[in-house]
Amino acid sequence: MLKLEHVSKTFNAGTVNEKKVLDDINLELNEGDFVTIIGGNGAGKSTLLNLISGLHPLDCGTIILDQENISLQPEYQRAKKIGRLFQDPMLGTAGDMQIIENLALAKRRGQHRGLAWGVDKKEKEEYYQLVKTLGLGLEDRLTSKVGLLSGGQRQALTLLMATLQKPKLLLLDEHTAALDPATSSKVLTLTKDIIAKQNLTALMVTHNMKDAIEVGNRLIMMYNGHIIYDVKGQEKQQLTVEDLLHKFEEASGEEFTNDRMLLG
Amino acid sequence: MGLFYTYLGAVDLGLIWGFLALGVYITFRLLDIADLTVDGSFATGGAICAVCVLHGVHPLLAIVAAIISGFIAGAITGILHTKCKIPAILAGILTQIGLYSINLRIMSGRANLPLTTANTLFTDLSLSLQINKYYIALIISLIFVIIFIGLLYWFFGTEIGSSIRATGNNEQMARALGINTDTMKLLGLMISNGLVGLSGGLYALYGQATDVRVGTGAIVIALASIVIGEVIFSGKKGGFCLRLVSIVIGSIIYRVIVAVVLQLGLNTDDLKLLTAIIVAIALTIPIMISKRKQVSLYKKLTGKELD
């Protein structure tokens, strides 16, 4: 489904601030894989997602998604196949536009946009039912501006938008990190439900080790631009947070001192 | 009666310059780009329209030509901004400066062109229908305004129109949803300047003359119209159609204010300063109002011990 070969990325090359963020990454995802990615700050997790989505250009290597080489495709073209959620709940939706307009924009991801109405009459009923499944009471406020919603509501809406048109790949970049614990777990449950229901292939970056273990069928740990641990299936299910910390120390040769990860 | 026609003329001007304000609204508010091309493309619209009617082209076709010239001007700024990655303000200034020379070329090197001998729609209709020129201008501009507000309302409700709005509102999201944001900005700049060209063309026909400097400060007049409309129709709330109408009304009010102060004896040389002051005041009022509201709410909620 997704195949990364010898992918590298260096920021500020040739300057004193040069930083090799990703170093010769090789990764292959099968259809239906739900992979969680953990690692300390600056490990390259977000950059990995941003390279796949096309936010940053690749230095070298190839990215193949659904049998298509997307290495040099611009971001908006890759979006035909990729659904995305960002850490900042404000980034995934247009605040000055109505809920229904946001959904209609997302519905047309990867499709031709012409002079037909931006929101079709037939769509309204469909969105009503769909938004109802969120259980947030937003279905009666479809014509409200998204800017009036809370961060959690916006993130739940973004999740719906990213999967409205079934993506070949779903990229979740710490999409629950900016939410309070209750909302965060609600959005995570929703994420799991939607991924299971649509049998999506997904990559989820998280700082929460417990989530990383409980969610998905495969776990990747990154350190300093490398994938240092890759575990799946049965072995992953039996992992504990202590195991992960141990693995990290073993692979990196240093102690895990990131409080955010320990607290999870 | 003379005074009445002065104000009727102000309304005419408000409607005609309303297209300029509508155009600037698309870039300034919908796309969140400060596009300074308009000072040039307004004059280009006037120049093209003037030269066309002087060569015997029908005024309506001349107006179409003015709109197309605006499209092209907007496209140049759009390409400089999206393909060459020049910041939008600078891209607009570059096009504007370049257009100054082009406008002189269009007008065969003359700084101004009188159109007294040509068919300018307004005068001819006025003569053939035996109706005062000011009324004719009012009717024609009103028809144009209704048609174009209708077109804009329709267009920005379509899939492409929504994509332009999404690009201005949240570019990162737009790209993540597969929208080619560069194309949308280009398109927005073209439509915006097309309206500006239309405004310039109509103004040349209405005034039966055009000048290469006619666009100087056009951006500020457009902003004045937009913010006056926003202040009067209480901010950015309300439907899209009302927003468009409020901008044209803002443009009319601006012209009436100008007519009043000129009537009171203001020197026309001071007009640009007055415009700048109006914009500054109109932009400040909403901030002041919301701050006052906040303070009075605070006083109300925390009790009277502050008094």
# chains A, B, ... in the order shown; residues from 1 in each chain; ligands from 1

$ closest_atom_pairs --of "chain B" --to "chain A" --cutoff "8 Å" --atoms "only C-alpha atoms" --output "JSON lines"
{"residue": "B:Phe155", "atom": "CA", "partner": "A:Leu115", "partner_atom": "CA", "distance": 7.4}
{"residue": "B:Gly157", "atom": "CA", "partner": "A:Gly118", "partner_atom": "CA", "distance": 5.5}
{"residue": "B:Thr158", "atom": "CA", "partner": "A:Trp117", "partner_atom": "CA", "distance": 4.1}
{"residue": "B:Glu159", "atom": "CA", "partner": "A:Gly118", "partner_atom": "CA", "distance": 4.0}
{"residue": "B:Ile160", "atom": "CA", "partner": "A:Gly114", "partner_atom": "CA", "distance": 5.7}
{"residue": "B:Gly161", "atom": "CA", "partner": "A:Gly118", "partner_atom": "CA", "distance": 7.5}
{"residue": "B:Ser162", "atom": "CA", "partner": "A:Gly118", "partner_atom": "CA", "distance": 6.0}
{"residue": "B:Ser163", "atom": "CA", "partner": "A:Leu105", "partner_atom": "CA", "distance": 7.2}
{"residue": "B:Ala166", "atom": "CA", "partner": "A:Ala94", "partner_atom": "CA", "distance": 6.3}
{"residue": "B:Asn169", "atom": "CA", "partner": "A:Ala94", "partner_atom": "CA", "distance": 5.8}
{"residue": "B:Asn170", "atom": "CA", "partner": "A:Ala94", "partner_atom": "CA", "distance": 5.5}
{"residue": "B:Gln172", "atom": "CA", "partner": "A:Leu91", "partner_atom": "CA", "distance": 6.7}
{"residue": "B:Met173", "atom": "CA", "partner": "A:Gly92", "partner_atom": "CA", "distance": 5.2}
{"residue": "B:Arg175", "atom": "CA", "partner": "A:Tyr76", "partner_atom": "CA", "distance": 4.7}
{"residue": "B:Ala176", "atom": "CA", "partner": "A:Ala79", "partner_atom": "CA", "distance": 5.5}
{"residue": "B:Leu177", "atom": "CA", "partner": "A:Arg109", "partner_atom": "CA", "distance": 5.0}
{"residue": "B:Gly178", "atom": "CA", "partner": "A:Tyr76", "partner_atom": "CA", "distance": 4.2}
{"residue": "B:Ile179", "atom": "CA", "partner": "A:Tyr76", "partner_atom": "CA", "distance": 5.7}
{"residue": "B:Asn180", "atom": "CA", "partner": "A:Tyr76", "partner_atom": "CA", "distance": 5.7}
{"residue": "B:Thr181", "atom": "CA", "partner": "A:Tyr76", "partner_atom": "CA", "distance": 8.0}

$ select_by_dssp --residues "segment 25-180 of chain B" --states "strand (DSSP E or B)" --output "list in words"
Asn112, Leu113, Pro114 and Thr158 of chain B

$ write_last_selection --atoms "N, CA and C atoms" --output "mmCIF file, in the first residue's frame"
data_model
loop_
_atom_site.group_PDB
_atom_site.id
_atom_site.type_symbol
_atom_site.label_atom_id
_atom_site.label_comp_id
_atom_site.auth_asym_id
_atom_site.auth_seq_id
_atom_site.Cartn_x
_atom_site.Cartn_y
_atom_site.Cartn_z
ATOM 1 N N ASN B 112 -4.238 61.969 -20.995
ATOM 2 C CA ASN B 112 -5.688 61.878 -20.848
ATOM 3 C C ASN B 112 -6.384 61.878 -22.211
ATOM 4 N N LEU B 113 -7.553 61.275 -22.234
ATOM 5 C CA LEU B 113 -8.313 61.144 -23.474
ATOM 6 C C LEU B 113 -9.737 61.627 -23.244
ATOM 7 N N PRO B 114 -10.162 62.687 -23.923
ATOM 8 C CA PRO B 114 -11.566 63.075 -23.828
ATOM 9 C C PRO B 114 -12.418 62.217 -24.770
ATOM 10 N N THR B 158 -20.460 28.129 -5.844
ATOM 11 C CA THR B 158 -20.119 26.911 -6.586
ATOM 12 C C THR B 158 -18.925 26.212 -5.948
#

$ residues_around --residues "Ala118 of chain B" --least-positions-apart "5" --cutoff "8 Å" --atoms "only C-alpha atoms" --output "NGL selection string"
:B and (53-54 or 56)

$ residues_around --residues "Leu36 of chain B" --least-positions-apart "6" --cutoff "9 Å" --atoms "only C-alpha atoms" --output "MDAnalysis selection string"
chainID B and resid 88:96 219

$ write_last_selection --atoms "N, CA and C atoms" --output "CSV table (one decimal), in the first residue's frame"
chain,number,residue,atom,x,y,z
B,88,ALA,N,2.6,38.9,-2.1
B,88,ALA,CA,1.5,39.4,-2.8
B,88,ALA,C,1.5,41.0,-3.0
B,89,ILE,N,1.9,41.7,-1.9
B,89,ILE,CA,1.9,43.1,-2.0
B,89,ILE,C,2.9,43.6,-3.0
B,90,LEU,N,4.1,43.0,-3.0
B,90,LEU,CA,5.1,43.4,-4.0
B,90,LEU,C,4.7,43.0,-5.4
B,91,ALA,N,4.1,41.8,-5.6
B,91,ALA,CA,3.7,41.4,-6.9
B,91,ALA,C,2.7,42.4,-7.5
B,92,GLY,N,1.8,42.9,-6.6
B,92,GLY,CA,0.8,43.9,-7.0
B,92,GLY,C,1.4,45.2,-7.4
B,93,ILE,N,2.4,45.6,-6.6
B,93,ILE,CA,3.0,46.9,-6.9
B,93,ILE,C,3.8,46.8,-8.2
B,94,LEU,N,4.4,45.7,-8.5
B,94,LEU,CA,5.2,45.5,-9.7
B,94,LEU,C,4.2,45.6,-10.9
B,95,THR,N,3.1,44.9,-10.8
B,95,THR,CA,2.1,45.0,-11.9
B,95,THR,C,1.6,46.4,-12.1
B,96,GLN,N,1.3,47.0,-11.0
B,96,GLN,CA,0.7,48.4,-11.0
B,96,GLN,C,1.7,49.3,-11.7
B,219,ILE,N,-7.2,51.8,-4.4
B,219,ILE,CA,-7.2,50.8,-3.4
B,219,ILE,C,-7.8,51.4,-2.1

$ residues_around --residues "Ala66 of chain B" --least-positions-apart "4" --cutoff "12 Å" --atoms "only C-alpha atoms" --output "number ranges by chain"
B: 41-53, 59-62, 70-73, 103, 106, 193-205

$ write_last_selection --atoms "C-alpha atoms" --output "mmCIF file, in the first residue's frame"
data_model
loop_
_atom_site.group_PDB
_atom_site.id
_atom_site.type_symbol
_atom_site.label_atom_id
_atom_site.label_comp_id
_atom_site.auth_asym_id
_atom_site.auth_seq_id
_atom_site.Cartn_x
_atom_site.Cartn_y
_atom_site.Cartn_z
ATOM 1 C CA SER B 41 -5.910 47.872 -13.532
ATOM 2 C CA PHE B 42 -8.571 50.536 -12.838
ATOM 3 C CA ALA B 43 -6.751 52.933 -15.156
ATOM 4 C CA THR B 44 -6.190 50.124 -17.689
ATOM 5 C CA GLY B 45 -9.921 49.419 -17.759
ATOM 6 C CA GLY B 46 -10.562 53.107 -18.389
ATOM 7 C CA ALA B 47 -7.864 53.360 -21.064
ATOM 8 C CA ILE B 48 -8.986 50.245 -22.969
ATOM 9 C CA CYS B 49 -12.626 51.276 -22.812
ATOM 10 C CA ALA B 50 -11.822 54.823 -23.963
ATOM 11 C CA VAL B 51 -9.667 53.726 -26.890
ATOM 12 C CA CYS B 52 -12.317 51.190 -27.946
ATOM 13 C CA VAL B 53 -15.186 53.680 -28.049
ATOM 14 C CA PRO B 59 -19.635 50.771 -25.460
ATOM 15 C CA LEU B 60 -20.887 47.441 -24.130
ATOM 16 C CA LEU B 61 -18.158 45.605 -26.060
ATOM 17 C CA ALA B 62 -15.680 48.205 -24.832
ATOM 18 C CA GLY B 70 -8.513 43.429 -15.730
ATOM 19 C CA PHE B 71 -8.409 39.622 -15.951
ATOM 20 C CA ILE B 72 -5.006 39.853 -17.628
ATOM 21 C CA ALA B 73 -3.649 42.340 -15.071
ATOM 22 C CA ASN B 103 -1.690 52.445 -19.981
ATOM 23 C CA ILE B 106 -2.777 52.113 -24.842
ATOM 24 C CA ASN B 193 -9.196 42.801 -11.246
ATOM 25 C CA GLY B 194 -11.815 42.005 -13.873
ATOM 26 C CA LEU B 195 -14.324 43.832 -11.681
ATOM 27 C CA VAL B 196 -11.834 46.652 -11.193
ATOM 28 C CA GLY B 197 -11.394 46.923 -14.966
ATOM 29 C CA LEU B 198 -15.164 47.042 -15.359
ATOM 30 C CA SER B 199 -15.295 49.840 -12.803
ATOM 31 C CA GLY B 200 -12.579 51.785 -14.619
ATOM 32 C CA GLY B 201 -14.317 51.297 -17.961
ATOM 33 C CA LEU B 202 -17.687 52.468 -16.706
ATOM 34 C CA TYR B 203 -16.082 55.452 -15.013
ATOM 35 C CA ALA B 204 -14.403 56.509 -18.270
ATOM 36 C CA LEU B 205 -17.731 56.268 -20.139
#

$ select_by_dssp --residues "segment 104-302 of chain B" --states "helix (DSSP H, G or I)" --output "PyMOL selection string"
chain B and resi 104-106+122-129+133-155+159-169+171-176+181-207+218-232+240-263+268-302

$ write_last_selection --atoms "C-alpha atoms" --output "compact mmCIF listing (two decimals), in the first residue's frame"
# COMPACT_ATOMS: atom_id res chain seq x y z
CA LEU B 104 0.24 55.28 -21.62
CA ARG B 105 0.91 52.98 -24.58
CA ILE B 106 -2.78 52.11 -24.84
CA PHE B 122 -24.75 57.18 -21.02
CA THR B 123 -24.87 60.32 -23.17
CA ASP B 124 -26.32 58.59 -26.21
CA LEU B 125 -29.09 56.91 -24.25
CA SER B 126 -29.75 60.15 -22.46
CA LEU B 127 -30.20 61.94 -25.79
CA SER B 128 -32.28 59.27 -27.50
CA LEU B 129 -34.56 58.63 -24.51
CA LYS B 133 -27.92 61.79 -17.87
CA TYR B 134 -27.81 61.27 -14.11
CA TYR B 135 -30.93 59.12 -14.17
CA ILE B 136 -29.66 57.10 -17.13
CA ALA B 137 -26.38 56.50 -15.32
CA LEU B 138 -28.30 55.49 -12.20
CA ILE B 139 -30.40 52.96 -14.10
CA ILE B 140 -27.54 51.49 -16.12
CA SER B 141 -25.17 51.18 -13.15
CA LEU B 142 -27.93 49.71 -11.03
CA ILE B 143 -28.62 47.06 -13.68
CA PHE B 144 -24.90 46.29 -13.85
CA VAL B 145 -24.67 46.12 -10.06
CA ILE B 146 -27.61 43.73 -9.81
CA ILE B 147 -26.25 41.47 -12.56
CA PHE B 148 -22.75 41.33 -11.11
CA ILE B 149 -23.81 40.85 -7.50
CA GLY B 150 -26.00 38.00 -8.76
CA LEU B 151 -23.06 36.52 -10.68
CA LEU B 152 -20.70 36.84 -7.70
CA TYR B 153 -23.26 35.34 -5.34
CA TRP B 154 -23.72 32.40 -7.67
CA PHE B 155 -20.01 31.94 -8.38
CA GLU B 159 -17.46 24.28 -5.97
CA ILE B 160 -14.73 26.49 -7.44
CA GLY B 161 -16.01 29.55 -5.56
CA SER B 162 -16.06 27.61 -2.28
CA SER B 163 -12.52 26.46 -2.98
CA ILE B 164 -11.40 30.08 -3.42
CA ARG B 165 -13.03 31.00 -0.10
CA ALA B 166 -11.45 27.97 1.59
CA THR B 167 -8.03 28.97 0.22
CA GLY B 168 -8.37 32.45 1.73
CA ASN B 169 -9.67 31.10 5.01
CA GLU B 171 -4.72 27.49 2.95
CA GLN B 172 -3.23 24.45 4.68
CA MET B 173 -6.64 22.82 4.95
CA ALA B 174 -7.46 23.66 1.34
CA ARG B 175 -4.35 21.87 0.12
CA ALA B 176 -5.02 18.91 2.39
CA THR B 181 -4.43 26.84 -3.84
CA ASP B 182 -2.15 28.57 -6.36
CA THR B 183 -4.78 28.23 -9.07
CA MET B 184 -7.46 29.51 -6.71
CA LYS B 185 -5.41 32.61 -5.82
CA LEU B 186 -4.74 33.24 -9.51
CA LEU B 187 -8.43 32.89 -10.28
CA GLY B 188 -9.42 35.15 -7.40
CA LEU B 189 -6.96 37.85 -8.47
CA MET B 190 -8.25 37.65 -12.05
CA ILE B 191 -11.91 37.97 -11.07
CA SER B 192 -11.07 40.77 -8.66
CA ASN B 193 -9.20 42.80 -11.25
CA GLY B 194 -11.81 42.00 -13.87
CA LEU B 195 -14.32 43.83 -11.68
CA VAL B 196 -11.83 46.65 -11.19
CA GLY B 197 -11.39 46.92 -14.97
CA LEU B 198 -15.16 47.04 -15.36
CA SER B 199 -15.30 49.84 -12.80
CA GLY B 200 -12.58 51.79 -14.62
CA GLY B 201 -14.32 51.30 -17.96
CA LEU B 202 -17.69 52.47 -16.71
CA TYR B 203 -16.08 55.45 -15.01
CA ALA B 204 -14.40 56.51 -18.27
CA LEU B 205 -17.73 56.27 -20.14
CA TYR B 206 -19.58 58.10 -17.38
CA GLY B 207 -17.02 60.91 -17.12
CA ALA B 218 -8.18 53.49 -5.89
CA ILE B 219 -7.25 50.81 -3.36
CA VAL B 220 -7.85 53.23 -0.48
CA ILE B 221 -11.24 54.29 -1.87
CA ALA B 222 -12.17 50.61 -2.23
CA LEU B 223 -11.12 49.89 1.34
CA ALA B 224 -13.12 52.90 2.52
CA SER B 225 -16.21 51.51 0.81
CA ILE B 226 -15.69 48.04 2.27
CA VAL B 227 -15.16 49.22 5.84
CA ILE B 228 -17.98 51.79 5.71
CA GLY B 229 -20.26 48.96 4.55
CA GLU B 230 -19.03 46.75 7.37
CA VAL B 231 -19.48 49.44 10.01
CA ILE B 232 -23.03 50.22 8.89
CA PHE B 240 -22.86 36.73 1.56
CA CYS B 241 -25.41 38.57 -0.58
CA LEU B 242 -25.89 41.20 2.13
CA ARG B 243 -22.12 41.59 2.38
CA LEU B 244 -21.88 42.33 -1.35
CA VAL B 245 -24.78 44.80 -1.18
CA SER B 246 -23.26 46.48 1.88
CA ILE B 247 -20.02 47.09 -0.02
CA VAL B 248 -21.82 48.88 -2.86
CA ILE B 249 -23.81 50.90 -0.33
CA GLY B 250 -20.54 51.70 1.42
CA SER B 251 -19.20 52.95 -1.88
CA ILE B 252 -22.27 55.19 -2.35
CA ILE B 253 -21.98 56.56 1.17
CA TYR B 254 -18.32 57.33 0.58
CA ARG B 255 -19.23 59.35 -2.54
CA VAL B 256 -22.00 61.19 -0.70
CA ILE B 257 -19.59 62.09 2.11
CA VAL B 258 -17.15 63.41 -0.49
CA ALA B 259 -19.95 65.41 -2.18
CA VAL B 260 -20.97 66.91 1.15
CA VAL B 261 -17.48 67.99 2.16
CA LEU B 262 -16.84 69.44 -1.30
CA GLN B 263 -20.13 71.29 -0.98
CA THR B 268 -10.40 68.93 -4.10
CA ASP B 269 -6.64 68.67 -3.54
CA ASP B 270 -7.37 67.58 0.03
CA LEU B 271 -9.65 64.75 -1.06
CA LYS B 272 -7.03 61.98 -0.85
CA LEU B 273 -6.15 63.02 2.70
CA LEU B 274 -9.82 62.97 3.59
CA THR B 275 -10.17 59.48 2.12
CA ALA B 276 -7.23 58.21 4.13
CA ILE B 277 -8.77 59.69 7.28
CA ILE B 278 -12.15 58.11 6.54
CA VAL B 279 -10.54 54.67 6.13
CA ALA B 280 -8.50 55.06 9.30
CA ILE B 281 -11.58 56.13 11.27
CA ALA B 282 -13.79 53.42 9.79
CA LEU B 283 -11.20 50.76 10.65
CA THR B 284 -10.85 52.12 14.18
CA ILE B 285 -14.55 52.36 15.07
CA PRO B 286 -15.25 48.60 15.32
CA ILE B 287 -12.18 48.14 17.56
CA MET B 288 -13.27 51.01 19.83
CA ILE B 289 -16.84 49.73 20.03
CA SER B 290 -15.82 46.21 20.99
CA LYS B 291 -13.37 47.52 23.57
CA ARG B 292 -16.02 49.77 25.13
CA LYS B 293 -18.46 46.86 25.19
CA GLN B 294 -15.90 44.69 26.92
CA VAL B 295 -15.15 47.33 29.55
CA SER B 296 -18.83 48.03 30.24
CA LEU B 297 -19.53 44.30 30.50
CA TYR B 298 -16.66 43.96 32.94
CA LYS B 299 -18.01 46.81 35.06
CA LYS B 300 -21.47 45.30 35.00
CA LEU B 301 -20.30 41.82 36.02
CA THR B 302 -17.81 42.88 38.67

$ closest_residue --among "A:Glu249, A:Glu28, A:Asp33, A:Asp180" --to "Thr62 of chain A" --atoms "only C-alpha atoms"
A:Glu28

$ atom_distance --atom1 "atom CA of Lys186 of chain A" --atom2 "atom CA of Gly32 of chain A"
22.2 Å

$ decode --residues "segment 31-100 of chain A" --atoms "C-alpha atoms" --output "tab-separated table (two decimals), in the first residue's frame"
chain	number	residue	atom	x	y	z
A	31	GLU	CA	-3.35	-2.54	3.26
A	32	GLY	CA	-5.32	-2.11	6.47
A	33	ASP	CA	-2.23	-1.54	8.63
A	34	PHE	CA	-2.84	0.89	11.50
A	35	VAL	CA	0.59	2.00	12.64
A	36	THR	CA	1.34	4.09	15.70
A	37	ILE	CA	4.59	6.09	15.74
A	38	ILE	CA	6.32	7.14	18.95
A	39	GLY	CA	9.59	8.84	19.69
A	40	GLY	CA	11.05	11.85	21.46
A	41	ASN	CA	10.90	15.41	20.23
A	42	GLY	CA	12.93	15.87	17.07
A	43	ALA	CA	12.95	12.15	16.28
A	44	GLY	CA	11.45	12.84	12.87
A	45	LYS	CA	7.90	11.54	13.39
A	46	SER	CA	6.07	14.60	12.14
A	47	THR	CA	8.58	15.16	9.36
A	48	LEU	CA	7.94	11.61	8.17
A	49	LEU	CA	4.23	12.39	7.90
A	50	ASN	CA	4.90	15.76	6.29
A	51	LEU	CA	7.11	14.14	3.64
A	52	ILE	CA	4.39	11.62	2.84
A	53	SER	CA	1.73	14.33	2.63
A	54	GLY	CA	3.97	16.54	0.52
A	55	LEU	CA	4.19	19.49	2.92
A	56	HIS	CA	7.99	19.27	2.62
A	57	PRO	CA	9.84	18.10	-0.49
A	58	LEU	CA	11.98	14.96	-0.26
A	59	ASP	CA	15.78	15.21	-0.38
A	60	CYS	CA	16.06	11.74	-1.85
A	61	GLY	CA	14.35	8.37	-1.93
A	62	THR	CA	10.97	7.32	-3.25
A	63	ILE	CA	7.48	7.20	-1.81
A	64	ILE	CA	5.06	4.81	-3.46
A	65	LEU	CA	1.41	4.99	-2.49
A	66	ASP	CA	-1.12	2.62	-3.99
A	67	GLN	CA	1.29	1.60	-6.79
A	68	GLU	CA	1.93	5.22	-7.72
A	69	ASN	CA	5.20	7.06	-7.25
A	70	ILE	CA	4.19	10.26	-5.47
A	71	SER	CA	7.72	11.40	-4.53
A	72	LEU	CA	7.54	14.59	-6.61
A	73	GLN	CA	3.81	15.22	-6.60
A	74	PRO	CA	2.61	18.52	-5.10
A	75	GLU	CA	0.72	18.41	-1.83
A	76	TYR	CA	-2.73	19.07	-3.31
A	77	GLN	CA	-2.36	16.19	-5.77
A	78	ARG	CA	-1.34	13.69	-3.10
A	79	ALA	CA	-4.39	14.79	-1.15
A	80	LYS	CA	-6.50	12.78	-3.61
A	81	LYS	CA	-5.31	9.66	-1.83
A	82	ILE	CA	-4.42	10.98	1.62
A	83	GLY	CA	-6.64	12.13	4.47
A	84	ARG	CA	-4.96	14.23	7.15
A	85	LEU	CA	-5.45	15.43	10.71
A	86	PHE	CA	-3.17	17.99	12.30
A	87	GLN	CA	-2.16	18.57	15.90
A	88	ASP	CA	-3.68	22.05	15.81
A	89	PRO	CA	-7.49	21.64	15.65
A	90	MET	CA	-7.69	25.00	13.85
A	91	LEU	CA	-5.67	23.74	10.89
A	92	GLY	CA	-8.06	21.07	9.69
A	93	THR	CA	-11.16	23.21	9.15
A	94	ALA	CA	-12.06	26.60	7.69
A	95	GLY	CA	-13.32	28.68	10.63
A	96	ASP	CA	-15.18	31.31	8.61
A	97	MET	CA	-17.14	28.70	6.68
A	98	GLN	CA	-20.17	26.70	7.74
A	99	ILE	CA	-19.93	23.14	9.03
A	100	ILE	CA	-21.80	21.92	5.98
